[in-house]
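The data block below is input_13.txt; it holds compact mmCIF, C-alpha atoms (C1' of nucleotides).
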# COMPACT_ATOMS: atom_id res chain seq x y z
CA MET A 138 -15.23 3.15 31.07
CA VAL A 139 -12.57 3.38 28.42
CA SER A 140 -10.07 1.21 30.26
CA THR A 141 -6.94 3.35 30.15
CA ASP A 142 -4.73 0.80 31.80
CA SER A 143 -1.70 2.90 31.00
CA GLY A 144 -0.53 5.91 32.92
CA SER A 145 -1.57 5.50 36.53
CA GLY A 146 -3.96 2.60 36.21
CA SER A 147 -4.65 0.87 39.50
CA SER A 148 -6.74 -2.10 38.48
CA ALA A 149 -5.14 -5.37 37.41
CA ARG A 150 -1.43 -5.79 37.86
CA ARG A 151 0.79 -2.74 37.62
CA LYS A 152 3.02 -2.72 34.57
CA ARG A 153 6.74 -2.57 34.82
CA ALA A 154 8.25 0.89 35.08
CA ASP A 155 10.16 0.71 31.81
CA ALA A 156 7.00 -0.42 30.03
CA ARG A 157 5.05 2.55 31.33
CA ARG A 158 7.86 4.90 30.36
CA ASN A 159 8.00 3.47 26.86
CA GLU A 160 4.28 3.81 26.39
CA GLU A 161 4.49 7.50 27.25
CA THR A 162 7.48 8.01 24.97
CA LEU A 163 5.70 6.20 22.16
CA LEU A 164 2.58 8.31 22.46
CA ASP A 165 4.65 11.47 22.28
CA ALA A 166 6.72 10.19 19.37
CA ALA A 167 3.63 9.07 17.50
CA ALA A 168 1.89 12.39 18.01
CA ALA A 169 4.95 14.21 16.70
CA ALA A 170 5.31 11.83 13.76
CA PHE A 171 1.62 12.20 12.88
CA VAL A 172 2.01 15.96 12.77
CA ALA A 173 5.18 15.75 10.71
CA SER A 174 4.22 13.01 8.26
CA GLY A 175 0.54 12.22 8.69
CA VAL A 176 -1.10 9.32 10.47
CA ASP A 177 0.18 6.93 7.82
CA VAL A 178 3.80 7.52 8.78
CA PRO A 179 5.77 4.24 8.69
CA VAL A 180 5.80 2.38 11.98
CA ARG A 181 9.58 2.18 11.80
CA ASP A 182 9.77 5.97 11.78
CA ILE A 183 7.76 6.22 14.96
CA ALA A 184 9.96 3.60 16.60
CA ALA A 185 13.10 5.45 15.53
CA ARG A 186 11.70 8.73 16.79
CA ALA A 187 10.91 7.17 20.14
CA GLY A 188 14.26 5.42 20.26
CA VAL A 189 12.71 2.00 20.74
CA GLY A 190 12.57 -1.18 18.70
CA ILE A 191 9.74 -2.08 16.41
CA GLY A 192 8.61 -4.91 18.61
CA THR A 193 8.01 -2.48 21.43
CA ILE A 194 5.44 -0.56 19.43
CA TYR A 195 3.51 -3.70 18.61
CA ARG A 196 3.48 -4.89 22.20
CA HIS A 197 1.95 -1.65 23.40
CA PHE A 198 -0.26 -1.00 20.41
CA PRO A 199 -1.16 -4.23 18.59
CA THR A 200 -2.44 -2.36 15.56
CA ARG A 201 -1.77 1.05 14.11
CA ALA A 202 -5.37 1.91 14.86
CA ASP A 203 -4.81 1.43 18.59
CA LEU A 204 -1.97 3.90 18.45
CA ILE A 205 -4.02 6.46 16.57
CA VAL A 206 -6.92 6.08 18.97
CA ALA A 207 -4.58 6.48 21.94
CA VAL A 208 -3.06 9.64 20.49
CA TYR A 209 -6.36 11.31 19.67
CA ARG A 210 -8.56 9.96 22.44
CA HIS A 211 -8.55 13.19 24.43
CA GLN A 212 -9.62 15.26 21.46
CA VAL A 213 -12.34 12.86 20.44
CA GLU A 214 -13.66 12.83 23.98
CA ALA A 215 -13.65 16.61 24.04
CA CYS A 216 -15.57 16.69 20.78
CA ALA A 217 -18.11 14.21 22.08
CA GLU A 218 -18.60 16.15 25.29
CA ALA A 219 -19.03 19.40 23.39
CA GLY A 220 -22.24 18.09 21.83
CA PRO A 221 -24.60 18.40 24.79
CA ALA A 222 -22.84 21.60 25.86
CA LEU A 223 -23.49 23.23 22.49
CA LEU A 224 -27.07 22.08 22.54
CA ALA A 225 -27.51 23.85 25.85
CA SER A 226 -25.72 27.03 24.88
CA SER A 227 -26.82 27.59 21.29
CA SER A 228 -29.81 29.58 20.20
CA THR A 229 -31.32 26.70 18.22
CA PRO A 230 -30.61 22.98 17.88
CA HIS A 231 -29.65 23.48 14.26
CA ALA A 232 -27.06 26.06 15.25
CA ALA A 233 -25.68 23.61 17.79
CA LEU A 234 -25.51 20.89 15.17
CA VAL A 235 -23.67 23.12 12.73
CA ARG A 236 -21.19 24.23 15.37
CA TRP A 237 -20.59 20.71 16.53
CA ILE A 238 -19.94 19.53 12.99
CA ASP A 239 -17.55 22.43 12.57
CA LEU A 240 -15.68 21.17 15.58
CA PHE A 241 -15.46 17.71 14.08
CA VAL A 242 -14.31 19.06 10.72
CA ASP A 243 -11.68 21.25 12.36
CA PHE A 244 -10.38 18.21 14.18
CA LEU A 245 -10.21 16.07 11.05
CA VAL A 246 -8.70 18.53 8.61
CA THR A 247 -5.85 19.38 10.95
CA LYS A 248 -4.76 15.75 11.29
CA HIS A 249 -3.11 14.84 8.02
CA GLY A 250 -4.44 11.58 6.71
CA LEU A 251 -6.81 10.92 9.59
CA ALA A 252 -9.96 11.35 7.52
CA GLU A 253 -8.51 8.97 4.94
CA ALA A 254 -7.64 6.38 7.57
CA LEU A 255 -11.06 6.74 9.15
CA GLN A 256 -12.82 5.77 5.93
CA SER A 257 -10.33 3.17 4.81
CA ASP A 258 -11.77 -0.29 4.47
CA ASP A 259 -8.46 -1.79 5.56
CA ALA A 260 -9.19 -4.26 8.34
CA ALA A 261 -6.34 -2.78 10.36
CA PHE A 262 -8.35 0.39 10.89
CA GLU A 263 -11.43 -1.39 12.14
CA THR A 264 -10.72 -0.37 15.73
CA LEU A 265 -10.25 3.25 14.78
CA HIS A 266 -13.45 3.30 12.82
CA ALA A 267 -15.35 1.62 15.62
CA TYR A 268 -14.08 4.01 18.23
CA PHE A 269 -15.10 7.12 16.32
CA ILE A 270 -18.48 5.65 15.49
CA ASP A 271 -19.19 4.46 19.02
CA ARG A 272 -18.20 7.74 20.57
CA LEU A 273 -19.56 10.27 18.11
CA VAL A 274 -22.63 8.79 16.45
CA PRO A 275 -24.76 8.96 19.63
CA VAL A 276 -23.79 12.59 20.12
CA CYS A 277 -24.61 13.42 16.54
CA ALA A 278 -27.89 11.55 16.83
CA GLN A 279 -28.84 13.59 19.86
CA LEU A 280 -28.20 16.83 18.00
CA LEU A 281 -30.09 15.60 14.95
CA ASP A 282 -33.03 14.53 17.07
CA ALA A 283 -33.20 17.89 18.78
CA ALA A 284 -33.06 19.75 15.48
CA ALA A 285 -35.64 17.46 13.96
CA ALA A 286 -37.92 17.84 16.97
CA ALA A 287 -37.65 21.60 16.60
CA GLY A 288 -38.73 21.21 12.98
CA GLU A 289 -35.52 22.73 11.69
CA ILE A 290 -34.25 19.84 9.60
CA ARG A 291 -35.69 16.90 7.72
CA PRO A 292 -36.38 14.15 10.24
CA ASP A 293 -35.00 11.24 8.25
CA MET A 294 -31.29 11.86 8.51
CA ASP A 295 -29.19 9.07 9.97
CA ALA A 296 -26.38 10.15 12.29
CA TYR A 297 -23.98 7.49 11.09
CA GLU A 298 -24.51 8.44 7.49
CA LEU A 299 -24.08 12.13 8.17
CA LEU A 300 -20.87 11.60 10.11
CA ARG A 301 -19.41 9.40 7.40
CA GLY A 302 -20.35 11.96 4.82
CA VAL A 303 -18.72 14.75 6.75
CA GLY A 304 -15.66 12.63 7.35
CA ASN A 305 -15.46 11.82 3.67
CA LEU A 306 -15.67 15.47 2.73
CA CYS A 307 -12.63 16.12 4.90
CA ILE A 308 -10.45 13.82 2.84
CA GLY A 309 -7.72 15.62 0.95
CA ALA A 310 -8.58 18.90 2.60
CA ASP A 311 -5.09 19.78 3.75
CA ASP A 312 -2.65 21.71 1.62
CA ASN A 313 -5.18 22.03 -1.21
CA PRO A 314 -6.17 25.67 -1.69
CA ARG A 315 -8.75 24.62 -4.28
CA TYR A 316 -10.67 22.38 -1.93
CA ASP A 317 -12.42 23.77 1.11
CA ALA A 318 -14.03 20.97 3.09
CA ARG A 319 -15.73 23.43 5.40
CA ARG A 320 -17.65 25.03 2.58
CA LEU A 321 -18.92 21.69 1.28
CA VAL A 322 -19.89 20.56 4.75
CA GLY A 323 -21.74 23.84 5.10
CA LEU A 324 -23.63 23.04 1.92
CA LEU A 325 -24.52 19.67 3.38
CA THR A 326 -25.95 21.07 6.60
CA GLU A 327 -27.76 23.70 4.57
CA GLY A 328 -29.30 20.98 2.46
CA LEU A 329 -30.44 19.29 5.65
CA ARG A 330 -32.56 22.29 6.54
CA LEU A 331 -36.30 22.22 6.15
CA ARG A 332 -37.89 25.03 4.21
CA MET B 15 -7.74 14.08 -29.41
CA VAL B 16 -7.09 11.43 -26.82
CA SER B 17 -4.47 9.53 -28.83
CA THR B 18 -5.67 5.95 -28.64
CA ASP B 19 -2.64 4.51 -30.34
CA SER B 20 -3.78 1.02 -29.52
CA GLY B 21 -6.33 -0.98 -31.43
CA SER B 22 -6.25 0.12 -35.03
CA GLY B 23 -4.06 3.18 -34.70
CA SER B 24 -2.61 4.39 -37.96
CA SER B 25 -0.29 7.20 -36.92
CA ALA B 26 3.32 6.51 -35.90
CA ARG B 27 4.71 3.02 -36.36
CA ARG B 28 2.40 0.06 -36.11
CA LYS B 29 2.97 -2.06 -33.02
CA ARG B 30 3.76 -5.71 -33.26
CA ALA B 31 0.80 -8.03 -33.54
CA ASP B 32 1.44 -9.86 -30.27
CA ALA B 33 1.76 -6.53 -28.49
CA ARG B 34 -1.61 -5.37 -29.72
CA ARG B 35 -3.16 -8.67 -28.74
CA ASN B 36 -1.69 -8.46 -25.28
CA GLU B 37 -2.95 -4.95 -24.76
CA GLU B 38 -6.47 -6.09 -25.55
CA THR B 39 -6.16 -9.12 -23.31
CA LEU B 40 -4.82 -6.96 -20.51
CA LEU B 41 -7.64 -4.46 -20.73
CA ASP B 42 -10.18 -7.27 -20.53
CA ALA B 43 -8.37 -8.96 -17.68
CA ALA B 44 -8.03 -5.68 -15.78
CA ALA B 45 -11.70 -4.85 -16.23
CA ALA B 46 -12.66 -8.28 -14.92
CA ALA B 47 -10.22 -8.03 -12.03
CA PHE B 48 -11.49 -4.57 -11.09
CA VAL B 49 -15.03 -5.90 -10.94
CA ALA B 50 -13.98 -8.92 -8.92
CA SER B 51 -11.53 -7.31 -6.48
CA GLY B 52 -11.71 -3.54 -6.90
CA VAL B 53 -9.36 -1.22 -8.72
CA ASP B 54 -6.67 -1.85 -6.12
CA VAL B 55 -6.34 -5.49 -7.10
CA PRO B 56 -2.67 -6.58 -7.06
CA VAL B 57 -0.91 -6.13 -10.40
CA ARG B 58 0.21 -9.74 -10.27
CA ASP B 59 -3.39 -10.87 -10.18
CA ILE B 60 -4.19 -8.98 -13.34
CA ALA B 61 -1.14 -10.44 -15.03
CA ALA B 62 -2.10 -13.95 -13.98
CA ARG B 63 -5.66 -13.43 -15.16
CA ALA B 64 -4.40 -12.24 -18.54
CA GLY B 65 -1.85 -15.04 -18.70
CA VAL B 66 1.06 -12.68 -19.23
CA GLY B 67 4.14 -11.76 -17.24
CA ILE B 68 4.31 -8.78 -14.92
CA GLY B 69 6.73 -6.96 -17.16
CA THR B 70 4.18 -6.98 -19.94
CA ILE B 71 1.71 -4.99 -17.89
CA TYR B 72 4.25 -2.33 -17.10
CA ARG B 73 5.34 -1.99 -20.70
CA HIS B 74 1.80 -1.31 -21.85
CA PHE B 75 0.67 0.65 -18.82
CA PRO B 76 3.60 2.33 -17.06
CA THR B 77 1.51 3.09 -13.98
CA ARG B 78 -1.57 1.56 -12.47
CA ALA B 79 -3.34 4.84 -13.17
CA ASP B 80 -2.80 4.43 -16.91
CA LEU B 81 -4.46 1.05 -16.76
CA ILE B 82 -7.44 2.37 -14.81
CA VAL B 83 -7.84 5.28 -17.20
CA ALA B 84 -7.69 2.95 -20.18
CA VAL B 85 -10.32 0.66 -18.70
CA TYR B 86 -12.76 3.43 -17.82
CA ARG B 87 -12.05 5.92 -20.58
CA HIS B 88 -15.21 5.12 -22.54
CA GLN B 89 -17.45 5.59 -19.54
CA VAL B 90 -15.80 8.83 -18.51
CA GLU B 91 -16.16 10.15 -22.05
CA ALA B 92 -19.80 9.18 -22.06
CA CYS B 93 -20.34 10.99 -18.79
CA ALA B 94 -18.60 14.09 -20.08
CA GLU B 95 -20.64 14.10 -23.25
CA ALA B 96 -23.86 13.67 -21.34
CA GLY B 97 -23.42 17.10 -19.74
CA PRO B 98 -24.35 19.33 -22.69
CA ALA B 99 -27.00 16.83 -23.73
CA LEU B 100 -28.70 17.00 -20.34
CA LEU B 101 -28.49 20.77 -20.36
CA ALA B 102 -30.37 20.77 -23.65
CA SER B 103 -32.98 18.22 -22.67
CA SER B 104 -33.75 19.12 -19.06
CA SER B 105 -36.42 21.50 -17.91
CA THR B 106 -33.99 23.67 -15.94
CA PRO B 107 -30.20 23.93 -15.65
CA HIS B 108 -30.40 22.84 -12.03
CA ALA B 109 -32.25 19.71 -13.03
CA ALA B 110 -29.57 19.01 -15.62
CA LEU B 111 -26.85 19.52 -13.02
CA VAL B 112 -28.51 17.15 -10.58
CA ARG B 113 -28.99 14.50 -13.24
CA TRP B 114 -25.44 14.80 -14.44
CA ILE B 115 -24.08 14.44 -10.93
CA ASP B 116 -26.28 11.38 -10.49
CA LEU B 117 -24.62 9.92 -13.54
CA PHE B 118 -21.20 10.59 -12.07
CA VAL B 119 -22.17 9.09 -8.73
CA ASP B 120 -23.64 6.01 -10.37
CA PHE B 121 -20.40 5.53 -12.22
CA LEU B 122 -18.23 5.90 -9.12
CA VAL B 123 -20.19 3.79 -6.67
CA THR B 124 -20.30 0.84 -9.02
CA LYS B 125 -16.51 0.70 -9.41
CA HIS B 126 -15.18 -0.69 -6.16
CA GLY B 127 -12.34 1.42 -4.90
CA LEU B 128 -12.35 3.91 -7.76
CA ALA B 129 -13.55 6.82 -5.65
CA GLU B 130 -10.85 6.02 -3.12
CA ALA B 131 -8.15 5.87 -5.77
CA LEU B 132 -9.40 9.07 -7.31
CA GLN B 133 -8.86 11.01 -4.09
CA SER B 134 -5.68 9.25 -3.05
CA ASP B 135 -2.71 11.52 -2.73
CA ASP B 136 -0.44 8.72 -3.88
CA ALA B 137 1.74 10.06 -6.67
CA ALA B 138 1.02 6.94 -8.72
CA PHE B 139 -2.58 8.09 -9.17
CA GLU B 140 -1.66 11.54 -10.41
CA THR B 141 -2.52 10.61 -14.00
CA LEU B 142 -5.89 9.21 -13.00
CA HIS B 143 -6.72 12.28 -11.01
CA ALA B 144 -5.63 14.58 -13.79
CA TYR B 145 -7.66 12.76 -16.41
CA PHE B 146 -10.90 12.94 -14.45
CA ILE B 147 -10.33 16.58 -13.59
CA ASP B 148 -9.41 17.59 -17.13
CA ARG B 149 -12.35 15.82 -18.65
CA LEU B 150 -15.12 16.46 -16.14
CA VAL B 151 -14.44 19.80 -14.47
CA PRO B 152 -15.18 21.83 -17.62
CA VAL B 153 -18.46 19.97 -18.08
CA CYS B 154 -19.43 20.53 -14.48
CA ALA B 155 -18.45 24.19 -14.76
CA GLN B 156 -20.70 24.61 -17.75
CA LEU B 157 -23.64 23.16 -15.87
CA LEU B 158 -22.90 25.28 -12.81
CA ASP B 159 -22.63 28.42 -14.91
CA ALA B 160 -25.95 27.74 -16.59
CA ALA B 161 -27.69 27.11 -13.28
CA ALA B 162 -26.11 30.17 -11.74
CA ALA B 163 -27.09 32.32 -14.72
CA ALA B 164 -30.64 31.08 -14.30
CA GLY B 165 -30.51 32.21 -10.68
CA GLU B 166 -31.14 28.71 -9.40
CA ILE B 167 -27.99 28.20 -7.35
CA ARG B 168 -25.47 30.30 -5.49
CA PRO B 169 -23.03 31.69 -8.03
CA ASP B 170 -19.84 31.08 -6.10
CA MET B 171 -19.51 27.32 -6.40
CA ASP B 172 -16.30 26.02 -7.91
CA ALA B 173 -16.66 23.04 -10.25
CA TYR B 174 -13.45 21.38 -9.09
CA GLU B 175 -14.47 21.64 -5.48
CA LEU B 176 -17.93 20.29 -6.14
CA LEU B 177 -16.62 17.33 -8.12
CA ARG B 178 -14.10 16.45 -5.45
CA GLY B 179 -16.78 16.71 -2.83
CA VAL B 180 -19.09 14.42 -4.75
CA GLY B 181 -16.24 12.01 -5.40
CA ASN B 182 -15.37 11.99 -1.72
CA LEU B 183 -18.95 11.26 -0.75
CA CYS B 184 -18.82 8.17 -2.96
CA ILE B 185 -16.02 6.63 -0.94
CA GLY B 186 -17.02 3.50 0.93
CA ALA B 187 -20.45 3.51 -0.68
CA ASP B 188 -20.42 -0.06 -1.87
CA ASP B 189 -21.64 -2.94 0.24
CA ASN B 190 -22.56 -0.61 3.09
CA PRO B 191 -26.32 -0.58 3.61
CA ARG B 192 -25.95 2.13 6.24
CA TYR B 193 -24.29 4.61 3.91
CA ASP B 194 -26.13 5.98 0.90
CA ALA B 195 -23.85 8.27 -1.09
CA ARG B 196 -26.69 9.31 -3.36
CA ARG B 197 -28.70 10.75 -0.50
CA LEU B 198 -25.78 12.80 0.79
CA VAL B 199 -24.97 14.06 -2.68
CA GLY B 200 -28.61 15.02 -2.98
CA LEU B 201 -28.28 17.03 0.22
CA LEU B 202 -25.27 18.76 -1.26
CA THR B 203 -27.02 19.82 -4.45
CA GLU B 204 -30.01 20.88 -2.38
CA GLY B 205 -27.74 23.05 -0.27
CA LEU B 206 -26.44 24.61 -3.45
CA ARG B 207 -29.89 25.88 -4.30
CA LEU B 208 -30.72 29.52 -3.85
CA ARG B 209 -33.81 30.32 -1.84
C1' DC C 145 13.51 -19.11 -47.17
C1' DA C 146 16.76 -17.59 -43.89
C1' DA C 147 19.39 -14.30 -41.66
C1' DA C 148 19.32 -10.05 -38.97
C1' DC C 149 17.19 -6.81 -36.36
C1' DA C 150 13.82 -4.47 -33.63
C1' DT C 151 10.41 -5.24 -30.55
C1' DA C 152 8.16 -7.55 -26.85
C1' DC C 153 7.96 -11.04 -23.21
C1' DG C 154 8.64 -13.31 -18.59
C1' DG C 155 9.74 -13.37 -14.19
C1' DA C 156 13.69 -12.94 -10.96
C1' DA C 157 15.12 -9.46 -8.01
C1' DC C 158 14.94 -5.23 -5.38
C1' DG C 159 12.78 -1.59 -2.26
C1' DT C 160 9.34 -0.49 1.03
C1' DG C 161 6.33 -1.16 4.68
C1' DG C 162 3.54 -4.06 7.94
C1' DT C 163 3.83 -7.73 11.25
C1' DT C 164 5.67 -11.74 13.86
C1' DC C 165 8.79 -14.04 16.80
C1' DC C 166 12.20 -15.26 19.99
C1' DG C 167 16.84 -14.93 22.31
C1' DG C 168 18.48 -11.85 25.48
C1' DA C 169 18.09 -7.98 28.91
C1' DT C 170 16.08 -6.08 32.95
C1' DG C 171 12.87 -4.49 36.66
C1' DG C 172 10.62 -6.27 40.85
C1' DC C 173 10.74 -9.12 44.69
C1' DA C 174 12.03 -12.66 48.24
C1' DT D 138 21.87 -11.43 45.73
C1' DG D 139 19.39 -14.49 42.88
C1' DC D 140 15.26 -15.76 40.49
C1' DC D 141 11.46 -15.11 37.44
C1' DA D 142 7.97 -12.73 35.01
C1' DT D 143 7.96 -9.18 31.99
C1' DC D 144 9.66 -6.49 28.37
C1' DC D 145 12.92 -5.16 24.67
C1' DG D 146 15.27 -5.18 20.05
C1' DG D 147 15.54 -6.07 15.58
C1' DA D 148 16.16 -9.96 12.35
C1' DA D 149 13.11 -12.20 9.43
C1' DC D 150 8.98 -13.00 6.80
C1' DC D 151 5.19 -11.61 3.82
C1' DA D 152 2.78 -8.82 0.39
C1' DC D 153 3.06 -5.63 -3.17
C1' DG D 154 4.85 -2.26 -6.57
C1' DT D 155 8.35 -1.64 -9.74
C1' DT D 156 12.70 -2.35 -12.43
C1' DC D 157 15.76 -4.83 -15.36
C1' DC D 158 17.70 -7.85 -18.56
C1' DG D 159 18.34 -12.38 -20.86
C1' DT D 160 15.43 -14.71 -24.01
C1' DA D 161 11.88 -15.30 -27.51
C1' DT D 162 9.36 -13.90 -31.41
C1' DG D 163 7.36 -10.91 -35.07
C1' DT D 164 8.93 -8.40 -39.06
C1' DT D 165 11.79 -7.00 -42.65
C1' DT D 166 15.18 -7.66 -46.01
C1' DG D 167 18.51 -10.01 -49.05
Take the structure I supplied and represent it as structure tokens, if you would.
Amino acid sequence: MVSTDSGSGSSARRKRADARRNEETLLDAAAAAFVASGVDVPVRDIAARAGVGIGTIYRHFPTRADLIVAVYRHQVEACAEAGPALLASSSTPHAALVRWIDLFVDFLVTKHGLAEALQSDDAAFETLHAYFIDRLVPVCAQLLDAAAAAGEIRPDMDAYELLRGVGNLCIGADDNPRYDARRLVGLLTEGLRLR
Amino acid sequence: MVSTDSGSGSSARRKRADARRNEETLLDAAAAAFVASGVDVPVRDIAARAGVGIGTIYRHFPTRADLIVAVYRHQVEACAEAGPALLASSSTPHAALVRWIDLFVDFLVTKHGLAEALQSDDAAFETLHAYFIDRLVPVCAQLLDAAAAAGEIRPDMDAYELLRGVGNLCIGADDNPRYDARRLVGLLTEGLRLR
DNA sequence: CAAACATACGGAACGTGGTTCCGGATGGCA
DNA sequence: TGCCATCCGGAACCACGTTCCGTATGTTTG
């Protein structure tokens, strides 16, 4: 589905060996650079870290967003797949929703600058934005629907809006002891509740 | 208190006439540019609009943050002063808090890019950040205290955290019909409520 | 009124970071 | 081994913030 033509792709023509090697190296270098300096680390730094030229990055990942998506794809997929699982294993749909959102928040606040990039209106991040929305909004909608059907939350909440809100609340959450995104998100889900 | 040495300042030495004129022109040009292209409009554009050189901007406003603060100072002051007034005129402290936050949200969502700049960790925006915090956190704290004393909200909410949260929720709120910051902020204040 | 000085102006120039482009290198294959 | 498609490196270009200094102009003083 999500054409991962890298790695051991079999469809289309096989890429040259050095190209595949470089793609791997780049993903590792980017992941390390993101941890060290945030997702807005200069492209040149990633290239240097990987020991390749700048052009090589752009050939493999046409935009910075593609690189970010590639680095975090596994984790986003895991988050998306956790939705239905939580719905099945939690005591109530609302509990599942809260836990799932916690998962999302945990993911965002531990990736320096990712929440910022996600909400940026810079055209370069369009792909990133689209990927998160495409993958996570349906999951969130399913959880919201279940909770609404169970009469636990107000029925008029839009999944896209909620996810953006949560994402926004995660901005600036790292290294700021005075700002606890989790608490605010908790307030939000509490406000969602019907009473 | 907030030394506005421009305009008709009397303390210290009087600035040269052309300098005072330019400062006025720049404030007008910046305000217009912010409306037209957001607060992150290129400095050169503001200079061109004002018909002055780039150096002139930097002499009057050493950082972009200083310019933004100067442009919006009146509105921020008005918002700050509205706090006690609302507390006196509203039926309950919680109502006053909600109305005051609405005021703040209205201000932020109508200034393209201001919410983003406010939460940016860019060192250049330090002054902007500090000004908003200094001026608005005490007001918000007063409203929170009153509502907490009245037993209307949970007593453990920090004013700084709440303001940052609200500010974050305002990011990307303009020209996006799918994202209504006001509704999410409403959810937040609802979640604050004791029940 | 004019000289002399302080103050302010304009914009070239520099640093940084993203992105493009193309001459040269190199893996895959006959 | 030789050829060609593919890929690599990094110089070069663009956009933007910011600095710096030679020049211009308001202001003061003789």
Considering only C-alpha atoms, tabulate each residue of stretch 166-251 of chain A that lies at most 10 Å from stretch 268-287 of chain A along with its nearest interatomic pair and the corresponding distance in Å to one decimal; arrange the rows by chain and ascending residue number and present them as a Markdown table.
| residue | atom | partner | partner_atom | distance |
| --- | --- | --- | --- | --- |
| A:Ala202 | CA | A:Tyr268 | CA | 9.6 |
| A:Asp203 | CA | A:Tyr268 | CA | 9.6 |
| A:Val206 | CA | A:Tyr268 | CA | 7.5 |
| A:Arg210 | CA | A:Tyr268 | CA | 9.1 |
| A:Val213 | CA | A:Phe269 | CA | 7.6 |
| A:Glu214 | CA | A:Arg272 | CA | 7.6 |
| A:Cys216 | CA | A:Leu273 | CA | 8.0 |
| A:Ala217 | CA | A:Leu273 | CA | 5.8 |
| A:Glu218 | CA | A:Val276 | CA | 8.1 |
| A:Ala219 | CA | A:Val276 | CA | 8.9 |
| A:Gly220 | CA | A:Val276 | CA | 6.0 |
| A:Pro221 | CA | A:Val276 | CA | 7.5 |
| A:Leu223 | CA | A:Leu280 | CA | 9.1 |
| A:Leu224 | CA | A:Leu280 | CA | 7.0 |
| A:Thr229 | CA | A:Ala284 | CA | 7.7 |
| A:Pro230 | CA | A:Ala284 | CA | 4.7 |
| A:His231 | CA | A:Ala284 | CA | 5.2 |
| A:Ala232 | CA | A:Ala284 | CA | 8.7 |
| A:Ala233 | CA | A:Leu280 | CA | 7.2 |
| A:Leu234 | CA | A:Leu280 | CA | 5.6 |
| A:Val235 | CA | A:Leu280 | CA | 9.4 |
| A:Trp237 | CA | A:Cys277 | CA | 8.3 |
| A:Ile238 | CA | A:Cys277 | CA | 8.5 |
| A:Phe241 | CA | A:Leu273 | CA | 9.4 |
Minimum-distance residue to C:DG171, chosen among D:DA161, D:DT143, D:DT138, D:DC151 (using all atoms listed in the file):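 Distance minimum relative to C:DG171 lands on D:DT143.
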Do you have, as a tab-separated table, the list of residues of chain C lying at most 7 Å from chain B, each with its nearest atom pair and that distance in Å to one decimal, counting only C-alpha atoms (C1' of nucleotides) and ordered by chain then number?
residue	atom	partner	partner_atom	distance
C:DA152	C1'	B:Ala33	CA	6.7
C:DC153	C1'	B:Thr70	CA	6.4
C:DG154	C1'	B:Gly67	CA	4.9
C:DG155	C1'	B:Gly67	CA	6.6
Residues of chain B no more than 8 Å from chain A, counting all atoms listed in the file: send them over as a PyMOL selection string. chain B and resi 133-135+174-176+178-179+182-183+185-186+192-195+198+201-206
Review point. Excluding same-chain residues fewer than 3 positions from C:DG167, what lies within 12 Å of it counting all atoms listed in the file, as a PyMOL selection string?
Key: chain D and resi 145-148
Practice item. Considering only C-alpha atoms (C1' of nucleotides), extract the chain D residues located within 10 Å of chain B and return them as a list in words. Key: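 Using only C-alpha atoms (C1' of nucleotides), chain D residues at most 10 Å from chain B: DA152, DC153, DG154, DT155, DT156, DC157, DT162, DG163 and DT164 of chain D.
One distance worth recording is that between atom CA of B:Gly65 and atom CA of B:Asn36, which is 9.3 Å.
For the pair atom CA of A:Ala207 and atom CA of A:Asp182, the separation is 17.6 Å.
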Determine the nearest neighbour of A:Arg158 from the options A:Ala261, A:Ala187, A:Val208, A:Ala310, counting all atoms listed in the file.
->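 With all atoms listed in the file as the atom set, the closest residue is A:Ala187.
Relative to atom CA of A:His249, atom CA of B:His143 is found at 19.5 Å.
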